[in-house]
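Enquirer: The structure's right below; bear with me while I get my questions together.
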Amino acid sequence: MVLPGGLARTDGTIDRTYRWKPVDGTVERALADAAHARFRPEAISKALAGALESIGGEPVSRERIDALSVPDRRFLMIELADALGLSFAWSTHACEACAKPFDFPLDLRALPVMPAGEHYPSTEIATARGRVRLRVPTGADQIRIAAIDDEGAAADLLAALCISACDDDAADVIDTLSADDFAAIEDAMEQLAPTLAWAAQAPCPDCGFGNVIAIDTAAWLVSMADGPTPDVHEIALAYGWSERDILALTRAQRLQYLALIRGDMHRN
Ligand SMILES: [Zn+2]
């Protein structure tokens, strides 16, 4: 698999490659740490930095993880969920029309992914104000706006980060754009960025109302919050192995040893 977007090399070409580490206890410890991050974009950066080996042909770093586009980061969180067996989940929602609760299944692997457009990650378009340059929002952008409570202010800052004037470096280009300009910018951004659905249609089983449910590709991270320490404790007690050796086991190996210790595999 390759990233739907990718990272720009210094010569401007795009590298879409990435490689995961084997999912062992060390990776799970990083995921547990990520699960406790205060803001979601920070949690995603920590999780990906802990679980990836390389990205864009170079060893993983926080800088490179944060430079990934938002759709790439969502795509990678789905793959990581899949590697942990967590990509399918039921969640409970209250119907917006009749308020009755209903269960909704979401299979993250089933979401269609459309790769980025040819000019990714940035392009120029003509507006009434002159030519402007747009670029696809990155993890670093999301981290910058995460602490802003006011949704409108956060959206304004994100627009200011991703839209700039080509002819001069006026900071106020956003304020001078018309509604038509913004519509054109939105269209251009849709052509440019990879596509991965933000929401799913969930019809209410009771009244049939078409609820729209936001798709959070990192929601599963909370289930990793405890980390592997209880497992390490159990295996260390049984076999006397060091923490380091136990953390080096893959998740599958660790679960197998735990099953043996608990006698599950040979019980009738
Ligand atoms: Zn309903």
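Ordering of the structure tokens sets the chain letters (A, B, ...); residue numbers start at 1 within each chain; ligands are numbered from 1 in the order shown.
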DSSP on the backbone, alpha helix (DSSP H) only: what residues of region 42-263 of chain A does that give? Format it as a ChimeraX atom specification.

Expert: /A:42-51,62-67,70-83,139-145,151-162,179-192,229-239,243-247,251-261

Enquirer: Find the residues around Asp33 (chain A) up to 10 Å (only C-alpha atoms counted), leave out those fewer than 4 positions away in its own chain, and share them as a PyMOL selection string.

Expert: chain A and resi 27-29+37+43+46-47+50+221+224-227

Enquirer: All residues within 6 Å of ligand 1 are required, counting only C-alpha atoms and all ligand atoms; please report them as a list in words.

Expert: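 After applying the 6 Å limit, what remains is Cys95, Ala97, Cys98, Lys100, Cys204, Asp206, Cys207, Gly208 and Phe209 of chain A.
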
Enquirer: Pull C-alpha atoms from the residues just selected and write them as a short mmCIF file (atom, residue, chain, number, x, y, z; two decimals), in the first residue's frame.

Expert:
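Result file selection.cif:
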data_model
loop_
_atom_site.label_atom_id
_atom_site.label_comp_id
_atom_site.auth_asym_id
_atom_site.auth_seq_id
_atom_site.Cartn_x
_atom_site.Cartn_y
_atom_site.Cartn_z
CA CYS A 95 -31.33 9.70 16.75
CA ALA A 97 -35.12 13.20 14.99
CA CYS A 98 -36.74 10.85 17.53
CA LYS A 100 -34.10 6.96 20.45
CA CYS A 204 -32.50 5.44 12.36
CA ASP A 206 -37.00 3.39 14.41
CA CYS A 207 -38.08 6.47 12.41
CA GLY A 208 -35.84 6.15 9.36
CA PHE A 209 -34.26 9.59 9.76
#

Enquirer: Give me the residues near Leu76 (chain A) as a PyMOL selection string, where near means some atom within 9 Å (using only C-alpha atoms) and where sequence neighbours in that chain fewer than 4 positions away do not count.

Expert: chain A and resi 3+48+71-72+80-81+217

Enquirer: I'd like the contact shell of Asp175 (chain A) - 12 Å cut-off, only C-alpha atoms, skipping same-chain residues fewer than 4 positions apart - returned as a PyMOL selection string.

Expert: chain A and resi 129+156-157+159-160+163-165+170-171+179+181-182

Enquirer: Listing only residues of region 154-254 of chain A within 9 Å of region 105-112 of chain A, what is the closest atom pair and its distance in Å (to one decimal) for each, using only C-alpha atoms, sorted by chain and residue number ascending, as JSON lines?

Expert:
{"residue": "A:Thr195", "atom": "CA", "partner": "A:Pro112", "partner_atom": "CA", "distance": 8.0}
{"residue": "A:Leu196", "atom": "CA", "partner": "A:Pro112", "partner_atom": "CA", "distance": 6.4}
{"residue": "A:Ala197", "atom": "CA", "partner": "A:Leu111", "partner_atom": "CA", "distance": 6.9}
{"residue": "A:Ala200", "atom": "CA", "partner": "A:Leu106", "partner_atom": "CA", "distance": 8.5}
{"residue": "A:Ile215", "atom": "CA", "partner": "A:Leu106", "partner_atom": "CA", "distance": 8.4}
{"residue": "A:Thr217", "atom": "CA", "partner": "A:Leu108", "partner_atom": "CA", "distance": 7.1}

Enquirer: Suppose we keep N, CA and C atoms; can you now write the selection as a tab-separated table (two decimals), in the first residue's frame?

Expert:
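Saved file result35.tsv follows:
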chain	number	residue	atom	x	y	z
A	195	THR	N	-9.19	11.85	-0.77
A	195	THR	CA	-10.52	11.82	-0.17
A	195	THR	C	-10.70	10.59	0.69
A	196	LEU	N	-11.15	10.82	1.91
A	196	LEU	CA	-11.48	9.76	2.84
A	196	LEU	C	-12.66	10.31	3.64
A	197	ALA	N	-13.80	9.63	3.57
A	197	ALA	CA	-15.05	10.19	4.11
A	197	ALA	C	-14.91	10.70	5.55
A	200	ALA	N	-20.58	9.30	7.95
A	200	ALA	CA	-21.34	8.18	7.38
A	200	ALA	C	-22.82	8.43	7.60
A	215	ILE	N	-16.93	10.38	11.25
A	215	ILE	CA	-16.04	9.23	11.30
A	215	ILE	C	-14.71	9.66	11.92
A	217	THR	N	-11.28	8.34	12.81
A	217	THR	CA	-10.45	7.16	12.52
A	217	THR	C	-9.46	6.86	13.64

Enquirer: Nearest to Leu31 (chain A) among A:Ala154, A:Val222, A:Thr127, A:Arg73, with distances taken over only C-alpha atoms: which residue is it?

Expert: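 Among the listed residues, A:Val222 lies closest to Leu31 (chain A).
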
Enquirer: Quick one: residues within 10 Å of Ala126 (chain A), only C-alpha atoms counted, chain neighbours fewer than 2 positions away excluded, as a short mmCIF file (atom, residue, chain, number, x, y, z; two decimals) with C-alpha atoms, in the first residue's frame?

Expert:
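So around12.cif came out as:
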data_model
loop_
_atom_site.label_atom_id
_atom_site.label_comp_id
_atom_site.auth_asym_id
_atom_site.auth_seq_id
_atom_site.Cartn_x
_atom_site.Cartn_y
_atom_site.Cartn_z
CA GLU A 124 -2.59 28.01 -7.37
CA ALA A 128 -10.88 38.33 -7.76
CA ARG A 129 -8.02 39.28 -5.39
CA GLY A 130 -5.36 37.79 -7.71
CA ARG A 131 -3.71 34.39 -7.69
CA VAL A 132 -3.66 32.52 -4.40
CA ARG A 133 -1.79 29.40 -3.38
CA CYS A 166 1.02 34.51 -4.76
CA ASP A 181 -13.52 32.95 -4.20
CA ALA A 184 -13.58 28.17 -5.91
CA ILE A 185 -10.98 27.48 -3.20
#

Enquirer: With only C-alpha atoms as the basis for distance, which of A:Ala214, A:Glu186, A:Ile235, A:Arg262 is at the shortest distance from Gln201 (chain A)?

Expert: A:Ala214

Enquirer: Got a sec to tell me which of region 33-220 of chain A DSSP assigns to strand (DSSP E or B), as JSON, numbers by chain?

Expert: {"A": [52, 53, 54, 55, 58, 59, 69, 88, 89, 90, 91, 92, 93, 94, 101, 102, 103, 104, 105, 106, 107, 113, 114, 122, 123, 124, 125, 126, 127, 130, 131, 132, 133, 134, 135, 138, 163, 164, 165, 195, 196, 199, 200, 201, 202, 203, 210, 211, 212, 213, 214]}

Enquirer: Using the selection just defined, write its residues with N, CA and C atoms as a compact mmCIF listing (two decimals), in the first residue's frame.

Expert:
# COMPACT_ATOMS: atom_id res chain seq x y z
N LEU A 52 5.32 3.76 13.26
CA LEU A 52 5.93 3.70 11.93
C LEU A 52 7.44 3.55 12.02
N GLU A 53 7.99 2.82 11.06
CA GLU A 53 9.44 2.65 10.95
C GLU A 53 10.00 3.78 10.07
N SER A 54 9.38 3.94 8.90
CA SER A 54 9.86 4.96 7.96
C SER A 54 8.67 5.57 7.24
N ILE A 55 8.93 6.76 6.71
CA ILE A 55 7.87 7.44 5.96
C ILE A 55 8.52 8.29 4.87
N GLU A 58 12.33 7.84 4.42
CA GLU A 58 13.28 8.20 5.47
C GLU A 58 12.77 7.74 6.83
N PRO A 59 13.70 7.53 7.79
CA PRO A 59 13.25 7.11 9.12
C PRO A 59 12.21 8.07 9.67
N SER A 69 -0.28 15.12 5.40
CA SER A 69 -1.60 15.74 5.25
C SER A 69 -2.60 15.05 6.16
N PHE A 88 -13.05 -2.45 13.21
CA PHE A 88 -14.51 -2.56 13.17
C PHE A 88 -15.07 -2.33 14.57
N ALA A 89 -16.06 -1.46 14.67
CA ALA A 89 -16.63 -1.21 16.00
C ALA A 89 -18.09 -0.79 15.89
N TRP A 90 -18.86 -1.13 16.91
CA TRP A 90 -20.23 -0.64 17.04
C TRP A 90 -20.19 0.56 17.96
N SER A 91 -21.02 1.57 17.65
CA SER A 91 -21.15 2.68 18.60
C SER A 91 -22.62 3.01 18.75
N THR A 92 -22.96 3.63 19.85
CA THR A 92 -24.36 3.96 20.13
C THR A 92 -24.60 5.45 19.91
N HIS A 93 -25.68 5.77 19.21
CA HIS A 93 -26.02 7.16 18.91
C HIS A 93 -27.47 7.43 19.26
N ALA A 94 -27.77 8.66 19.64
CA ALA A 94 -29.16 9.07 19.84
C ALA A 94 -29.65 9.68 18.53
N PRO A 101 -32.04 5.83 21.13
CA PRO A 101 -30.67 5.36 20.88
C PRO A 101 -30.65 4.17 19.91
N PHE A 102 -29.65 4.13 19.06
CA PHE A 102 -29.49 2.97 18.17
C PHE A 102 -28.00 2.67 17.99
N ASP A 103 -27.71 1.40 17.67
CA ASP A 103 -26.32 0.98 17.48
C ASP A 103 -25.95 1.07 16.01
N PHE A 104 -24.75 1.57 15.76
CA PHE A 104 -24.30 1.74 14.37
C PHE A 104 -22.94 1.06 14.19
N PRO A 105 -22.85 0.16 13.18
CA PRO A 105 -21.56 -0.50 12.94
C PRO A 105 -20.70 0.34 12.00
N LEU A 106 -19.43 0.44 12.28
CA LEU A 106 -18.53 1.17 11.37
C LEU A 106 -17.29 0.32 11.10
N ASP A 107 -17.09 0.00 9.82
CA ASP A 107 -15.91 -0.74 9.40
C ASP A 107 -14.97 0.24 8.71
N VAL A 113 -11.06 5.16 -0.36
CA VAL A 113 -9.97 6.15 -0.31
C VAL A 113 -9.64 6.55 -1.74
N MET A 114 -9.69 7.86 -2.00
CA MET A 114 -9.32 8.36 -3.33
C MET A 114 -7.98 9.07 -3.22
N SER A 122 0.06 21.23 -3.15
CA SER A 122 -0.40 22.63 -3.23
C SER A 122 -0.65 23.03 -4.67
N THR A 123 -1.51 24.02 -4.84
CA THR A 123 -1.85 24.48 -6.18
C THR A 123 -2.16 25.97 -6.12
N GLU A 124 -2.25 26.59 -7.31
CA GLU A 124 -2.59 28.01 -7.37
C GLU A 124 -3.90 28.16 -8.13
N ILE A 125 -4.73 29.09 -7.68
CA ILE A 125 -5.95 29.38 -8.45
C ILE A 125 -6.12 30.90 -8.56
N ALA A 126 -6.92 31.29 -9.56
CA ALA A 126 -7.20 32.71 -9.76
C ALA A 126 -8.42 33.10 -8.94
N THR A 127 -8.33 34.23 -8.25
CA THR A 127 -9.50 34.79 -7.54
C THR A 127 -9.61 36.25 -7.93
N GLY A 130 -6.63 38.19 -7.10
CA GLY A 130 -5.36 37.79 -7.71
C GLY A 130 -5.14 36.31 -7.47
N ARG A 131 -3.96 35.82 -7.86
CA ARG A 131 -3.71 34.39 -7.69
C ARG A 131 -3.40 34.06 -6.23
N VAL A 132 -3.99 32.97 -5.76
CA VAL A 132 -3.66 32.52 -4.40
C VAL A 132 -3.16 31.08 -4.46
N ARG A 133 -2.32 30.76 -3.49
CA ARG A 133 -1.79 29.40 -3.38
C ARG A 133 -2.51 28.69 -2.24
N LEU A 134 -2.94 27.45 -2.48
CA LEU A 134 -3.57 26.64 -1.44
C LEU A 134 -2.71 25.42 -1.17
N ARG A 135 -2.71 24.97 0.05
CA ARG A 135 -2.09 23.67 0.31
C ARG A 135 -2.99 22.87 1.23
N THR A 138 -2.17 20.03 7.15
CA THR A 138 -1.30 18.97 7.68
C THR A 138 -1.59 18.74 9.17
N ILE A 163 -3.90 29.15 2.95
CA ILE A 163 -4.17 29.99 1.77
C ILE A 163 -3.26 31.22 1.84
N SER A 164 -2.51 31.47 0.78
CA SER A 164 -1.66 32.67 0.77
C SER A 164 -1.69 33.32 -0.60
N ALA A 165 -1.43 34.62 -0.65
CA ALA A 165 -1.40 35.35 -1.92
C ALA A 165 -0.11 35.00 -2.66
N THR A 195 -9.19 11.85 -0.77
CA THR A 195 -10.52 11.82 -0.17
C THR A 195 -10.70 10.59 0.69
N LEU A 196 -11.15 10.82 1.91
CA LEU A 196 -11.48 9.76 2.84
C LEU A 196 -12.66 10.31 3.64
N ALA A 199 -17.80 11.49 7.24
CA ALA A 199 -19.05 11.16 7.92
C ALA A 199 -19.73 10.00 7.21
N ALA A 200 -20.58 9.30 7.95
CA ALA A 200 -21.34 8.18 7.38
C ALA A 200 -22.82 8.43 7.60
N GLN A 201 -23.63 7.94 6.67
CA GLN A 201 -25.09 8.01 6.79
C GLN A 201 -25.54 6.86 7.68
N ALA A 202 -26.31 7.19 8.70
CA ALA A 202 -26.80 6.15 9.60
C ALA A 202 -28.31 6.30 9.77
N PRO A 203 -29.10 5.55 8.97
CA PRO A 203 -30.55 5.67 9.10
C PRO A 203 -31.04 5.14 10.45
N GLY A 210 -32.27 10.02 8.42
CA GLY A 210 -30.88 9.81 8.01
C GLY A 210 -29.91 10.60 8.86
N ASN A 211 -29.47 10.00 9.96
CA ASN A 211 -28.48 10.65 10.82
C ASN A 211 -27.12 10.66 10.12
N VAL A 212 -26.35 11.69 10.36
CA VAL A 212 -25.00 11.77 9.81
C VAL A 212 -24.02 11.65 10.97
N ILE A 213 -23.17 10.63 10.92
CA ILE A 213 -22.25 10.37 12.03
C ILE A 213 -20.82 10.64 11.60
N ALA A 214 -20.13 11.49 12.35
CA ALA A 214 -18.74 11.81 12.03
C ALA A 214 -17.87 10.57 12.18

Enquirer: Here is a test: counting only C-alpha atoms, which residue of A:Ala155, A:Leu247, A:Lys21, A:Ser223 is nearest to Leu86 (chain A)?

Expert: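 For Leu86 (chain A), the nearest of the candidates is A:Ser223.
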
Enquirer: So that I can check the surroundings of Val70 (chain A), please list as a list in words every protein, DNA and RNA residue that reaches within 12 Å of it, counting only C-alpha atoms and ignoring chain neighbours fewer than 6 positions away.

Expert: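 Counting only C-alpha atoms, the residues come to Leu3, Pro4, Gly5, Gly6, Leu7, Pro41, Ile44, Ser45, Leu76, Met77, Ala116, Pro121, Arg135, Val136, Pro137, Thr138, Gly139, Ala140, Asp141, Gln142, Ile143, Ala193, Pro194, Thr195, Leu196, Ala197, Trp198 and Thr217 of chain A.
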
Enquirer: Excluding Ala248 (chain A) and any residue of its chain fewer than 5 positions from it, enumerate the residues within 7 Å of it, using only C-alpha atoms, and give them as a short mmCIF file (atom, residue, chain, number, x, y, z; two decimals) with N, CA and C atoms, in the first residue's frame.

Expert:
data_model
loop_
_atom_site.label_atom_id
_atom_site.label_comp_id
_atom_site.auth_asym_id
_atom_site.auth_seq_id
_atom_site.Cartn_x
_atom_site.Cartn_y
_atom_site.Cartn_z
N ASP A 24 4.72 -4.62 18.49
CA ASP A 24 5.16 -5.31 19.71
C ASP A 24 4.79 -4.45 20.92
N GLY A 25 5.26 -4.88 22.09
CA GLY A 25 4.90 -4.18 23.32
C GLY A 25 5.41 -2.75 23.36
N THR A 26 6.55 -2.51 22.68
CA THR A 26 7.11 -1.15 22.67
C THR A 26 6.17 -0.21 21.91
#
